[in-house]
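Please read the structure below before turning to the comments.
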Amino acid sequence: MRKLVYYVAVTLDGYIAGPGGEYDFYPVGDAEQAAAYAAWTNARYPETVPTAMRAARGLADTPNRRFDTVVMGSGTYRPALDAGLTSPYAHLRQYVVSRTLGASPDPEVTVVDGDPLTLVRDLKREEGADIWLCGGGRLAGALLPEVDELIIKSYPVVAGSGIPVFAGDFDPTPFAVADRRSFANDVTITWFTRR
């Protein structure tokens, strides 16, 4: 069965973005450190690079390695939409969960205004690669019962406030550390599996 994997950058205090959706404050180290980190993550998860950036990163013809589907909330989709990119991950099947967006602005993007748990459970029953949950925090909180793995990119910065990695009701859900890797730019990636 396909897995739902939450692959996301997180601050030390548990936020995925600032109060206004900011994410440009994540420290990436000096130029050499940033390049090495980006090369490693892009090689491992090339499909998580937005379509508009793939050619510049040498990934234009790189096949998907882990995911063939992306699920995101409207807050995660909004920056691309505001920039005129109606299909930010054209190399993946794209689902946006939103009660406010209305009709999809692009035939390659499916807007789901219903229960995200039903969507993910249906997707898991299909044949294919894993499903990438790329944000946001409210959607992650709603989908927590179906999250099989977490890939947390922990950045050495405290945001103070913002969008939490999971927003929702109190629901302790144990995960086990499967692997961990540290980089010269002080970013740590930890892979967790549901217990």
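Residue names in the structure tokens use chain letters A, B, ... in the order shown, residue numbers from 1 in each chain, and ligand numbers from 1 in the order shown.
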Surrounding residues of Ala60 of chain A excluding itself and chain neighbours under 2 positions, 12 Å, only C-alpha atoms, as JSON, numbers by chain
{"A": [42, 46, 47, 49, 50, 51, 52, 53, 54, 55, 56, 57, 58, 62, 63, 64, 90, 91]}
Those same residues, written as a PDB file, in the first residue's frame with C-alpha atoms?
ATOM      1  CA  ASN A  42      17.518  17.222  -4.703  1.00  0.00           C
ATOM      2  CA  PRO A  46      13.942  15.427  -6.934  1.00  0.00           C
ATOM      3  CA  GLU A  47      10.153  15.448  -7.272  1.00  0.00           C
ATOM      4  CA  VAL A  49      11.477  20.621  -6.374  1.00  0.00           C
ATOM      5  CA  PRO A  50       8.777  22.762  -8.028  1.00  0.00           C
ATOM      6  CA  THR A  51       8.505  22.308 -11.791  1.00  0.00           C
ATOM      7  CA  ALA A  52       9.522  25.921 -12.525  1.00  0.00           C
ATOM      8  CA  MET A  53      12.828  25.396 -10.680  1.00  0.00           C
ATOM      9  CA  ARG A  54      13.763  21.942 -11.945  1.00  0.00           C
ATOM     10  CA  ALA A  55      15.695  22.988 -15.062  1.00  0.00           C
ATOM     11  CA  ALA A  56      17.817  25.500 -13.133  1.00  0.00           C
ATOM     12  CA  ARG A  57      18.701  22.774 -10.650  1.00  0.00           C
ATOM     13  CA  GLY A  58      19.587  20.250 -13.352  1.00  0.00           C
ATOM     14  CA  THR A  62      14.992  13.526 -13.621  1.00  0.00           C
ATOM     15  CA  PRO A  63      12.365  10.898 -12.869  1.00  0.00           C
ATOM     16  CA  ASN A  64      10.421  10.911  -9.618  1.00  0.00           C
ATOM     17  CA  ALA A  90       3.278  19.460 -12.896  1.00  0.00           C
ATOM     18  CA  HIS A  91       5.442  16.321 -12.716  1.00  0.00           C
TER      19      HIS A  91
END
I want to know what sits within 10 Å of Ser104 of chain A, based on only C-alpha atoms, with residues of the same chain fewer than 4 positions away left out; could you give that as a PyMOL selection string?
chain A and resi 86-87+95-96+108-112
Contact residues around Ala17 of chain A with only C-alpha atoms at 9 Å, ignoring same-chain residues under 2 positions, as a count of residues only:
18
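Neighbouring residues of Ile189 of chain A at 9 Å or closer, counting only C-alpha atoms and skipping chain neighbours under 6 positions away, are Ala9, Ile151, Ile152, Lys153, Ser154, Tyr155, Asp179, Arg180, Arg181, Ser182 and Phe183 of chain A.
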Between A:Phe175, A:Tyr6, A:Arg125, A:Asp113, which one has atoms that come closest to Gly141 of chain A, using only C-alpha atoms?
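Between A:Phe175, A:Tyr6, A:Arg125, A:Asp113, the residue approaching Gly141 of chain A most closely is A:Tyr6.
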As an mmCIF file with N, CA, C and O atoms, in the first residue's frame, please: all residues of segment 23-163 of chain A that backbone DSSP puts in helix (DSSP H, G or I).
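What follows is the written file selection-v1.cif:
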data_model
loop_
_atom_site.group_PDB
_atom_site.id
_atom_site.type_symbol
_atom_site.label_atom_id
_atom_site.label_comp_id
_atom_site.auth_asym_id
_atom_site.auth_seq_id
_atom_site.Cartn_x
_atom_site.Cartn_y
_atom_site.Cartn_z
ATOM 1 N N ALA A 31 27.613 29.535 1.019
ATOM 2 C CA ALA A 31 27.292 29.092 -0.341
ATOM 3 C C ALA A 31 27.659 27.630 -0.571
ATOM 4 O O ALA A 31 26.885 26.866 -1.170
ATOM 5 N N GLU A 32 28.815 27.220 -0.094
ATOM 6 C CA GLU A 32 29.254 25.831 -0.288
ATOM 7 C C GLU A 32 28.369 24.862 0.490
ATOM 8 O O GLU A 32 27.960 23.822 -0.026
ATOM 9 N N GLN A 33 28.053 25.212 1.730
ATOM 10 C CA GLN A 33 27.187 24.356 2.547
ATOM 11 C C GLN A 33 25.782 24.257 1.947
ATOM 12 O O GLN A 33 25.204 23.174 1.876
ATOM 13 N N ALA A 34 25.251 25.388 1.518
ATOM 14 C CA ALA A 34 23.914 25.403 0.929
ATOM 15 C C ALA A 34 23.863 24.570 -0.345
ATOM 16 O O ALA A 34 22.910 23.813 -0.567
ATOM 17 N N ALA A 35 24.904 24.670 -1.168
ATOM 18 C CA ALA A 35 24.949 23.906 -2.415
ATOM 19 C C ALA A 35 25.032 22.409 -2.146
ATOM 20 O O ALA A 35 24.352 21.608 -2.802
ATOM 21 N N ALA A 36 25.846 22.015 -1.174
ATOM 22 C CA ALA A 36 25.984 20.595 -0.850
ATOM 23 C C ALA A 36 24.676 20.027 -0.307
ATOM 24 O O ALA A 36 24.257 18.922 -0.685
ATOM 25 N N TYR A 37 24.025 20.780 0.569
ATOM 26 C CA TYR A 37 22.751 20.342 1.140
ATOM 27 C C TYR A 37 21.682 20.221 0.054
ATOM 28 O O TYR A 37 20.965 19.217 -0.035
ATOM 29 N N ALA A 38 21.575 21.239 -0.795
ATOM 30 C CA ALA A 38 20.586 21.213 -1.873
ATOM 31 C C ALA A 38 20.854 20.060 -2.841
ATOM 32 O O ALA A 38 19.915 19.382 -3.273
ATOM 33 N N ALA A 39 22.113 19.826 -3.165
ATOM 34 C CA ALA A 39 22.447 18.727 -4.076
ATOM 35 C C ALA A 39 22.027 17.385 -3.489
ATOM 36 O O ALA A 39 21.466 16.537 -4.197
ATOM 37 N N TRP A 40 22.262 17.207 -2.204
ATOM 38 C CA TRP A 40 21.903 15.935 -1.563
ATOM 39 C C TRP A 40 20.386 15.745 -1.536
ATOM 40 O O TRP A 40 19.879 14.690 -1.917
ATOM 41 N N THR A 41 19.647 16.774 -1.090
ATOM 42 C CA THR A 41 18.192 16.626 -0.997
ATOM 43 C C THR A 41 17.558 16.526 -2.383
ATOM 44 O O THR A 41 16.614 15.751 -2.578
ATOM 45 N N ASN A 42 18.070 17.282 -3.345
ATOM 46 C CA ASN A 42 17.518 17.222 -4.703
ATOM 47 C C ASN A 42 17.763 15.873 -5.351
ATOM 48 O O ASN A 42 16.920 15.384 -6.109
ATOM 49 N N ALA A 43 18.898 15.253 -5.070
ATOM 50 C CA ALA A 43 19.181 13.929 -5.622
ATOM 51 C C ALA A 43 18.288 12.869 -4.988
ATOM 52 O O ALA A 43 17.838 11.937 -5.653
ATOM 53 N N ARG A 44 18.012 13.018 -3.712
ATOM 54 C CA ARG A 44 17.214 12.018 -2.993
ATOM 55 C C ARG A 44 15.709 12.192 -3.250
ATOM 56 O O ARG A 44 14.979 11.218 -3.347
ATOM 57 N N PRO A 46 14.011 14.434 -5.853
ATOM 58 C CA PRO A 46 13.942 15.427 -6.934
ATOM 59 C C PRO A 46 12.521 15.905 -7.220
ATOM 60 O O PRO A 46 12.321 17.049 -7.644
ATOM 61 N N GLU A 47 11.531 15.075 -6.962
ATOM 62 C CA GLU A 47 10.153 15.448 -7.272
ATOM 63 C C GLU A 47 9.607 16.524 -6.337
ATOM 64 O O GLU A 47 8.561 17.113 -6.606
ATOM 65 N N THR A 48 10.315 16.810 -5.236
ATOM 66 C CA THR A 48 9.856 17.858 -4.316
ATOM 67 C C THR A 48 10.314 19.251 -4.750
ATOM 68 O O THR A 48 9.958 20.237 -4.104
ATOM 69 N N THR A 51 8.252 22.458 -10.358
ATOM 70 C CA THR A 51 8.505 22.308 -11.791
ATOM 71 C C THR A 51 9.259 23.502 -12.369
ATOM 72 O O THR A 51 10.193 23.326 -13.144
ATOM 73 N N ALA A 52 8.891 24.713 -11.976
ATOM 74 C CA ALA A 52 9.522 25.921 -12.525
ATOM 75 C C ALA A 52 10.995 26.033 -12.159
ATOM 76 O O ALA A 52 11.741 26.754 -12.821
ATOM 77 N N MET A 53 11.442 25.315 -11.134
ATOM 78 C CA MET A 53 12.828 25.396 -10.680
ATOM 79 C C MET A 53 13.677 24.187 -11.093
ATOM 80 O O MET A 53 14.875 24.165 -10.867
ATOM 81 N N ARG A 54 13.057 23.195 -11.674
ATOM 82 C CA ARG A 54 13.763 21.942 -11.945
ATOM 83 C C ARG A 54 14.887 22.096 -12.975
ATOM 84 O O ARG A 54 15.973 21.558 -12.790
ATOM 85 N N SER A 74 -4.456 24.885 1.031
ATOM 86 C CA SER A 74 -4.529 26.093 0.206
ATOM 87 C C SER A 74 -3.461 27.111 0.579
ATOM 88 O O SER A 74 -2.983 27.853 -0.276
ATOM 89 N N GLY A 75 -3.044 27.146 1.854
ATOM 90 C CA GLY A 75 -1.987 28.058 2.261
ATOM 91 C C GLY A 75 -0.647 27.707 1.638
ATOM 92 O O GLY A 75 0.161 28.594 1.340
ATOM 93 N N THR A 76 -0.407 26.432 1.419
ATOM 94 C CA THR A 76 0.820 25.982 0.763
ATOM 95 C C THR A 76 0.748 26.264 -0.731
ATOM 96 O O THR A 76 1.753 26.615 -1.354
ATOM 97 N N TYR A 77 -0.427 26.137 -1.310
ATOM 98 C CA TYR A 77 -0.626 26.363 -2.739
ATOM 99 C C TYR A 77 -0.625 27.853 -3.093
ATOM 100 O O TYR A 77 -0.194 28.250 -4.172
ATOM 101 N N ARG A 78 -1.080 28.686 -2.176
ATOM 102 C CA ARG A 78 -1.296 30.112 -2.446
ATOM 103 C C ARG A 78 -0.056 30.847 -2.969
ATOM 104 O O ARG A 78 -0.178 31.611 -3.929
ATOM 105 N N PRO A 79 1.158 30.672 -2.407
ATOM 106 C CA PRO A 79 2.307 31.422 -2.945
ATOM 107 C C PRO A 79 2.565 31.137 -4.433
ATOM 108 O O PRO A 79 2.877 32.052 -5.195
ATOM 109 N N ALA A 80 2.421 29.886 -4.848
ATOM 110 C CA ALA A 80 2.601 29.557 -6.270
ATOM 111 C C ALA A 80 1.502 30.221 -7.098
ATOM 112 O O ALA A 80 1.780 30.820 -8.141
ATOM 113 N N LEU A 81 0.279 30.124 -6.625
ATOM 114 C CA LEU A 81 -0.855 30.712 -7.339
ATOM 115 C C LEU A 81 -0.687 32.232 -7.464
ATOM 116 O O LEU A 81 -0.898 32.794 -8.548
ATOM 117 N N ASP A 82 -0.256 32.877 -6.390
ATOM 118 C CA ASP A 82 -0.036 34.321 -6.419
ATOM 119 C C ASP A 82 1.071 34.708 -7.393
ATOM 120 O O ASP A 82 1.077 35.822 -7.919
ATOM 121 N N PRO A 116 -10.342 15.508 3.857
ATOM 122 C CA PRO A 116 -9.032 15.106 3.373
ATOM 123 C C PRO A 116 -8.676 13.663 3.742
ATOM 124 O O PRO A 116 -7.909 13.015 3.025
ATOM 125 N N LEU A 117 -9.244 13.152 4.846
ATOM 126 C CA LEU A 117 -8.969 11.756 5.211
ATOM 127 C C LEU A 117 -9.517 10.799 4.160
ATOM 128 O O LEU A 117 -8.853 9.827 3.789
ATOM 129 N N THR A 118 -10.702 11.084 3.650
ATOM 130 C CA THR A 118 -11.280 10.243 2.599
ATOM 131 C C THR A 118 -10.415 10.296 1.349
ATOM 132 O O THR A 118 -10.140 9.259 0.731
ATOM 133 N N LEU A 119 -9.968 11.489 0.975
ATOM 134 C CA LEU A 119 -9.081 11.637 -0.182
ATOM 135 C C LEU A 119 -7.845 10.771 -0.024
ATOM 136 O O LEU A 119 -7.500 9.988 -0.920
ATOM 137 N N VAL A 120 -7.150 10.905 1.098
ATOM 138 C CA VAL A 120 -5.892 10.177 1.288
ATOM 139 C C VAL A 120 -6.131 8.676 1.367
ATOM 140 O O VAL A 120 -5.361 7.894 0.793
ATOM 141 N N ARG A 121 -7.172 8.267 2.023
ATOM 142 C CA ARG A 121 -7.464 6.815 2.099
ATOM 143 C C ARG A 121 -7.740 6.251 0.704
ATOM 144 O O ARG A 121 -7.296 5.148 0.375
ATOM 145 N N ASP A 122 -8.451 7.000 -0.119
ATOM 146 C CA ASP A 122 -8.692 6.566 -1.499
ATOM 147 C C ASP A 122 -7.387 6.513 -2.287
ATOM 148 O O ASP A 122 -7.142 5.558 -3.032
ATOM 149 N N LEU A 123 -6.534 7.527 -2.140
ATOM 150 C CA LEU A 123 -5.251 7.546 -2.852
ATOM 151 C C LEU A 123 -4.359 6.390 -2.421
ATOM 152 O O LEU A 123 -3.658 5.791 -3.246
ATOM 153 N N LYS A 124 -4.373 6.071 -1.148
ATOM 154 C CA LYS A 124 -3.530 4.973 -0.646
ATOM 155 C C LYS A 124 -3.924 3.630 -1.255
ATOM 156 O O LYS A 124 -3.077 2.754 -1.401
ATOM 157 N N ARG A 125 -5.194 3.476 -1.579
ATOM 158 C CA ARG A 125 -5.659 2.206 -2.156
ATOM 159 C C ARG A 125 -5.273 2.051 -3.627
ATOM 160 O O ARG A 125 -5.357 0.968 -4.184
ATOM 161 N N GLY A 137 0.109 23.050 8.094
ATOM 162 C CA GLY A 137 -0.061 22.524 9.433
ATOM 163 C C GLY A 137 -1.471 22.078 9.772
ATOM 164 O O GLY A 137 -1.658 21.050 10.426
ATOM 165 N N ARG A 138 -2.485 22.832 9.352
ATOM 166 C CA ARG A 138 -3.878 22.409 9.619
ATOM 167 C C ARG A 138 -4.197 21.122 8.877
ATOM 168 O O ARG A 138 -4.828 20.214 9.426
ATOM 169 N N LEU A 139 -3.755 21.043 7.613
ATOM 170 C CA LEU A 139 -4.004 19.832 6.843
ATOM 171 C C LEU A 139 -3.250 18.645 7.451
ATOM 172 O O LEU A 139 -3.795 17.550 7.569
ATOM 173 N N ALA A 140 -2.011 18.872 7.867
ATOM 174 C CA ALA A 140 -1.237 17.799 8.499
ATOM 175 C C ALA A 140 -1.920 17.313 9.772
ATOM 176 O O ALA A 140 -1.970 16.107 10.039
ATOM 177 N N GLY A 141 -2.465 18.250 10.553
ATOM 178 C CA GLY A 141 -3.191 17.851 11.753
ATOM 179 C C GLY A 141 -4.418 17.005 11.424
ATOM 180 O O GLY A 141 -4.689 16.006 12.085
ATOM 181 N N ALA A 142 -5.138 17.386 10.384
ATOM 182 C CA ALA A 142 -6.326 16.618 9.974
ATOM 183 C C ALA A 142 -5.947 15.247 9.438
ATOM 184 O O ALA A 142 -6.692 14.274 9.610
ATOM 185 N N LEU A 143 -4.776 15.159 8.795
ATOM 186 C CA LEU A 143 -4.350 13.898 8.183
ATOM 187 C C LEU A 143 -3.472 13.035 9.086
ATOM 188 O O LEU A 143 -3.048 11.957 8.679
ATOM 189 N N LEU A 144 -3.207 13.488 10.309
ATOM 190 C CA LEU A 144 -2.330 12.747 11.203
ATOM 191 C C LEU A 144 -2.702 11.263 11.322
ATOM 192 O O LEU A 144 -1.805 10.414 11.319
ATOM 193 N N PRO A 145 -3.984 10.881 11.376
ATOM 194 C CA PRO A 145 -4.296 9.455 11.460
ATOM 195 C C PRO A 145 -3.779 8.630 10.271
ATOM 196 O O PRO A 145 -3.618 7.417 10.380
ATOM 197 N N GLU A 146 -3.509 9.277 9.142
ATOM 198 C CA GLU A 146 -3.047 8.566 7.947
ATOM 199 C C GLU A 146 -1.577 8.804 7.621
ATOM 200 O O GLU A 146 -1.074 8.250 6.639
#
Could you check the closest approach to Trp191 of chain A for each of A:Gly29, A:Asp148, A:Thr100, A:Thr69 and tell me which residue wins, using only C-alpha atoms?
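With only C-alpha atoms as the atom set, the closest residue is A:Asp148.
Note that atom CA of Gly14 of chain A and atom CA of Asp115 of chain A are 25.2 Å apart.
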One number please: atom CA of Gly160 of chain A to atom CA of Val70 of chain A, in Å, one decimal.
28.3 Å
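Of all the residues in segment 63-141 of chain A, the ones DSSP labels as strand (DSSP E or B) from the backbone are Phe67, Asp68, Thr69, Val70, Val71, Met72, Gly73, Arg93, Gln94, Tyr95, Val96, Val97, Val109, Thr110, Val111, Val112, Asp130, Ile131, Trp132, Leu133, Cys134 and Gly135 of chain A.
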